[in-house]
>>> print(open('structure_17.txt').read())   # compact mmCIF, C-alpha atoms
# COMPACT_ATOMS: atom_id res chain seq x y z
CA MET D 1 9.97 37.61 102.54
CA LYS D 2 6.41 38.71 103.31
CA CYS D 3 3.45 36.38 103.75
CA GLU D 4 1.78 35.63 100.40
CA ASN D 5 -1.66 35.66 102.02
CA CYS D 6 -1.79 38.79 104.21
CA GLY D 7 1.27 40.62 102.90
CA LYS D 8 1.88 42.12 106.35
CA ASN D 9 3.93 39.67 108.42
CA ASP D 10 7.18 37.93 107.58
CA ALA D 11 6.72 34.45 106.14
CA SER D 12 7.93 31.80 108.56
CA VAL D 13 6.10 28.74 107.17
CA HIS D 14 7.33 27.55 103.78
CA PHE D 15 5.22 24.87 102.14
CA THR D 16 6.29 23.03 98.98
CA GLN D 17 4.04 20.57 97.18
CA ILE D 18 4.87 18.54 94.09
CA ARG D 19 1.89 17.03 92.28
CA ASN D 20 2.07 15.55 88.75
CA ASN D 21 5.62 16.91 88.40
CA LYS D 22 4.37 20.43 89.07
CA LYS D 23 5.92 22.29 92.01
CA THR D 24 3.80 24.68 94.07
CA GLU D 25 5.27 26.83 96.86
CA MET D 26 3.52 28.86 99.56
CA HIS D 27 5.22 31.25 101.97
CA LEU D 28 2.99 32.20 104.88
CA CYS D 29 3.18 33.80 108.31
CA LYS D 30 2.25 31.56 111.26
CA GLU D 31 -1.22 33.07 111.62
CA CYS D 32 -2.17 32.60 107.96
CA ALA D 33 -0.68 29.08 107.94
CA LYS D 34 -2.82 28.22 110.96
CA GLN D 35 -5.93 29.61 109.23
CA LYS D 36 -5.20 27.44 106.17
CA GLY D 37 -4.78 24.35 108.36
CA PHE D 38 -0.98 24.07 108.25
CA HIS D 39 0.34 23.26 111.70
CA ASN D 40 3.78 22.08 112.76
CA PRO D 41 3.17 19.14 115.12
CA LEU D 42 6.48 19.86 116.85
CA ASP D 43 5.39 23.37 117.95
CA ASP D 44 3.66 22.05 121.05
CA VAL D 45 6.29 19.43 121.93
CA PRO D 46 8.77 20.49 124.62
CA PHE D 47 12.33 20.67 123.37
CA PRO D 48 14.43 18.45 125.71
CA LEU D 49 17.70 20.24 124.92
CA ALA D 50 16.17 23.49 126.13
CA GLU D 51 15.31 21.94 129.50
CA PHE D 52 18.82 20.51 129.77
CA LEU D 53 20.45 23.83 128.87
CA ASN D 54 18.21 25.71 131.28
CA SER D 55 19.31 23.42 134.09
CA MET D 56 23.00 23.93 133.18
CA VAL D 57 22.88 27.74 132.98
CA LYS D 58 23.49 29.50 136.31
CA SER D 59 21.39 32.53 135.42
CA GLY D 60 18.22 32.98 137.37
CA GLY D 61 16.86 35.35 134.74
CA THR D 62 16.90 38.41 136.96
CA GLY D 63 17.56 41.81 135.45
CA THR D 64 20.65 42.26 137.63
CA ASP D 65 22.29 39.06 136.35
CA PRO D 66 24.88 40.03 133.67
CA ILE D 67 24.27 36.80 131.73
CA ALA D 68 20.53 37.50 131.58
CA ARG D 69 21.30 40.92 130.05
CA LEU D 70 23.45 39.55 127.18
CA VAL D 71 21.76 40.29 123.84
CA CYS D 72 22.81 39.38 120.30
CA SER D 73 23.33 42.56 118.28
CA GLU D 74 22.15 40.87 115.05
CA CYS D 75 18.87 39.15 115.96
CA GLY D 76 18.11 40.59 119.42
CA MET D 77 17.97 37.20 121.14
CA ARG D 78 18.84 37.24 124.82
CA PHE D 79 21.01 34.50 126.33
CA ILE D 80 18.28 33.67 128.80
CA ASP D 81 15.94 33.07 125.81
CA PHE D 82 18.52 30.73 124.25
CA SER D 83 18.69 28.74 127.48
CA ARG D 84 14.89 28.36 127.43
CA VAL D 85 14.47 27.58 123.71
CA GLY D 86 17.70 25.66 123.08
CA ARG D 87 18.31 27.28 119.69
CA PHE D 88 20.17 30.38 118.56
CA GLY D 89 18.51 33.12 116.55
CA CYS D 90 21.47 33.58 114.17
CA GLY D 91 25.14 32.76 113.65
CA ASN D 92 26.26 35.89 115.51
CA CYS D 93 24.78 34.48 118.75
CA TYR D 94 27.90 32.29 119.12
CA ARG D 95 30.06 35.43 119.38
CA ALA D 96 27.57 37.39 121.48
CA PHE D 97 27.22 34.59 124.06
CA ARG D 98 30.82 33.34 123.96
CA ALA D 99 31.62 33.64 127.68
CA PRO D 100 28.58 31.79 129.06
CA LEU D 101 28.83 29.24 126.23
CA GLU D 102 32.41 28.42 127.19
CA ASP D 103 31.23 27.81 130.75
CA LEU D 104 28.40 25.63 129.42
CA PHE D 105 30.75 23.64 127.14
CA ARG D 106 33.16 23.13 130.04
CA LYS D 107 30.29 21.65 132.08
CA ILE D 108 29.04 19.42 129.27
CA HIS D 109 32.32 18.30 127.63
CA GLY D 110 34.87 18.98 130.34
CA ALA D 111 36.70 21.43 128.04
CA THR D 112 35.97 24.38 125.78
CA ARG D 113 37.87 22.98 122.81
CA HIS D 114 36.89 19.84 120.89
CA CYS D 115 39.92 17.68 120.14
CA GLY D 116 38.10 14.73 118.62
CA ARG D 117 39.07 11.10 118.80
CA THR D 118 42.26 9.91 117.16
CA ASN D 119 44.19 6.69 116.87
CA GLN D 120 46.91 7.05 119.52
CA GLN D 121 49.55 5.40 117.31
CA VAL D 122 48.80 7.72 114.39
CA ASP D 123 48.65 10.73 116.73
CA HIS D 124 52.09 9.84 118.12
CA THR D 125 53.51 9.37 114.60
CA VAL D 126 52.16 12.73 113.42
CA LYS D 127 53.59 14.41 116.52
CA GLY D 128 57.01 12.92 115.71
CA VAL D 129 56.82 14.19 112.12
CA VAL D 130 55.89 17.68 113.30
CA GLU D 131 58.76 17.73 115.81
CA GLU D 132 61.19 16.54 113.11
CA GLU D 133 59.94 19.25 110.75
CA VAL D 134 60.49 21.96 113.37
CA ARG D 135 63.99 20.64 114.13
CA LEU D 136 64.96 20.52 110.43
CA LYS D 137 63.62 24.03 109.81
CA ASP D 138 65.72 25.37 112.69
CA GLU D 139 68.82 23.62 111.33
CA LEU D 140 68.07 24.96 107.85
CA LYS D 141 67.79 28.51 109.18
CA ARG D 142 71.14 28.20 110.99
CA ALA D 143 72.82 26.67 107.89
CA ILE D 144 71.61 29.60 105.75
CA GLU D 145 72.84 32.12 108.34
CA ARG D 146 76.28 30.41 108.25
CA GLU D 147 76.07 30.38 104.44
CA ASP D 148 76.55 26.60 104.42
CA PHE D 149 74.43 26.15 101.30
CA GLU D 150 75.32 22.47 100.71
CA LEU D 151 73.97 21.56 104.15
CA ALA D 152 70.99 23.88 103.59
CA ALA D 153 70.14 22.10 100.31
CA ALA D 154 70.37 18.69 102.01
CA LEU D 155 68.12 19.89 104.88
CA ARG D 156 65.63 21.32 102.37
CA ASP D 157 65.47 17.96 100.60
CA ARG D 158 64.93 16.14 103.90
CA LEU D 159 62.09 18.56 104.73
CA LYS D 160 60.45 17.88 101.36
CA ALA D 161 60.76 14.12 101.96
CA LEU D 162 58.80 14.29 105.23
CA PRO D 163 55.24 12.97 104.95
CA SER D 164 52.64 15.73 104.73
CA GLN D 165 50.47 16.16 107.84
CA SER D 166 47.36 15.92 105.66
CA GLU D 167 48.46 12.60 104.11
CA PRO D 168 47.90 9.43 106.15
CA THR D 169 51.04 7.85 107.53
CA GLU D 170 51.95 4.22 106.79
CA SER D 171 50.71 3.07 110.20
CA ALA D 172 47.39 4.88 109.61
CA GLN D 173 47.01 3.17 106.24
CA GLN D 174 47.67 -0.22 107.82
CA ASP D 175 45.18 0.45 110.65
CA GLY D 176 42.41 1.75 108.33
>>> encode(input="structure_17.txt", output="structure tokens")
Amino acid sequence: MKCENCGKNDASVHFTQIRNNKKTEMHLCKECAKQKGFHNPLDDVPFPLAEFLNSMVKSGGTGTDPIARLVCSECGMRFIDFSRVGRFGCGNCYRAFRAPLEDLFRKIHGATRHCGRTNQQVDHTVKGVVEEEVRLKDELKRAIEREDFELAAALRDRLKALPSQSEPTESAQQDG
């Protein structure tokens, strides 16, 4: 979307005003917004996450550093710019910067995969249900191979009777 004032630059400031139930919108580039007196007070405030990320990233920003040369194919953002600003340019940046991000997540979280917090008792119960489901499926497969269809039907019914992994177990309902 182009700036409504100059028509040259892309609009990056979007202003919406509602007065007497009438909505007025303005889409301006930064320069025109500044001329009209619209200023984001957060523009001049340092972004603390950026400083933190910059301290965590090994890259010195030299042209020979492979991390410094990583560039997002969609928006053109460089990884070194991300570490300075603390924000991605687009959703593709996650894929473009995957390797250094995994290193960064490992430093911050201790792992690259978020497992979340769970109730240990519920987690143990769910694990038992999953193991029982795997065991019953294996038995069912063997019963079908042996053409023992009565046993297969009984195993199928036991599988259907298992609580779904998406449904809370009785212990989870009691805890919650």
>>> atom_distance(input="structure_17.txt", atom1="CA of Leu28 in chain D", atom2="CA of Asn5 in chain D")
6.5 Å
>>> residues_near_point(input="structure_17.txt", point="(20.3, 37.4, 124.4)", cutoff="8 Å", atoms="all atoms listed in the file", output="list in words")
Ala68, Arg69, Leu70, Val71, Cys72, Gly76, Met77, Arg78, Phe79, Ile80, Asp81, Phe82, Cys93, Ala96 and Phe97 of chain D
>>> atom_distance(input="structure_17.txt", atom1="CA of Met26 in chain D", atom2="CA of Ala11 in chain D")
9.2 Å
>>> atom_distance(input="structure_17.txt", atom1="CA of Lys137 in chain D", atom2="CA of Phe149 in chain D")
13.9 Å
>>> closest_residue(input="structure_17.txt", among="D:Glu25, D:Ile67, D:Lys8, D:Gly128", to="Arg98 in chain D", atoms="all atoms listed in the file")
D:Ile67
>>> residues_around(input="structure_17.txt", residues="range 138-140 of chain D", least_positions_apart="4", cutoff="10 Å", atoms="all atoms listed in the file", output="PDB file with C-alpha atoms, in the frame of the given file")
ATOM      1  CA  GLU D 132      61.190  16.540 113.110  1.00  0.00           C
ATOM      2  CA  GLU D 133      59.940  19.250 110.750  1.00  0.00           C
ATOM      3  CA  VAL D 134      60.490  21.960 113.370  1.00  0.00           C
ATOM      4  CA  ILE D 144      71.610  29.600 105.750  1.00  0.00           C
ATOM      5  CA  GLU D 145      72.840  32.120 108.340  1.00  0.00           C
ATOM      6  CA  ARG D 146      76.280  30.410 108.250  1.00  0.00           C
ATOM      7  CA  ASP D 148      76.550  26.600 104.420  1.00  0.00           C
ATOM      8  CA  PHE D 149      74.430  26.150 101.300  1.00  0.00           C
ATOM      9  CA  LEU D 151      73.970  21.560 104.150  1.00  0.00           C
ATOM     10  CA  ALA D 152      70.990  23.880 103.590  1.00  0.00           C
ATOM     11  CA  ALA D 153      70.140  22.100 100.310  1.00  0.00           C
ATOM     12  CA  ALA D 154      70.370  18.690 102.010  1.00  0.00           C
ATOM     13  CA  LEU D 155      68.120  19.890 104.880  1.00  0.00           C
ATOM     14  CA  ARG D 156      65.630  21.320 102.370  1.00  0.00           C
ATOM     15  CA  LEU D 159      62.090  18.560 104.730  1.00  0.00           C
TER      16      LEU D 159
END
>>> closest_residue(input="structure_17.txt", among="D:Ser73, D:Arg113, D:Lys30, D:Asn21", to="Cys90 in chain D", atoms="only C-alpha atoms")
D:Ser73
>>> closest_residue(input="structure_17.txt", among="D:Gln35, D:His14, D:Lys141, D:Asp157", to="Met1 in chain D", atoms="only C-alpha atoms")
D:His14
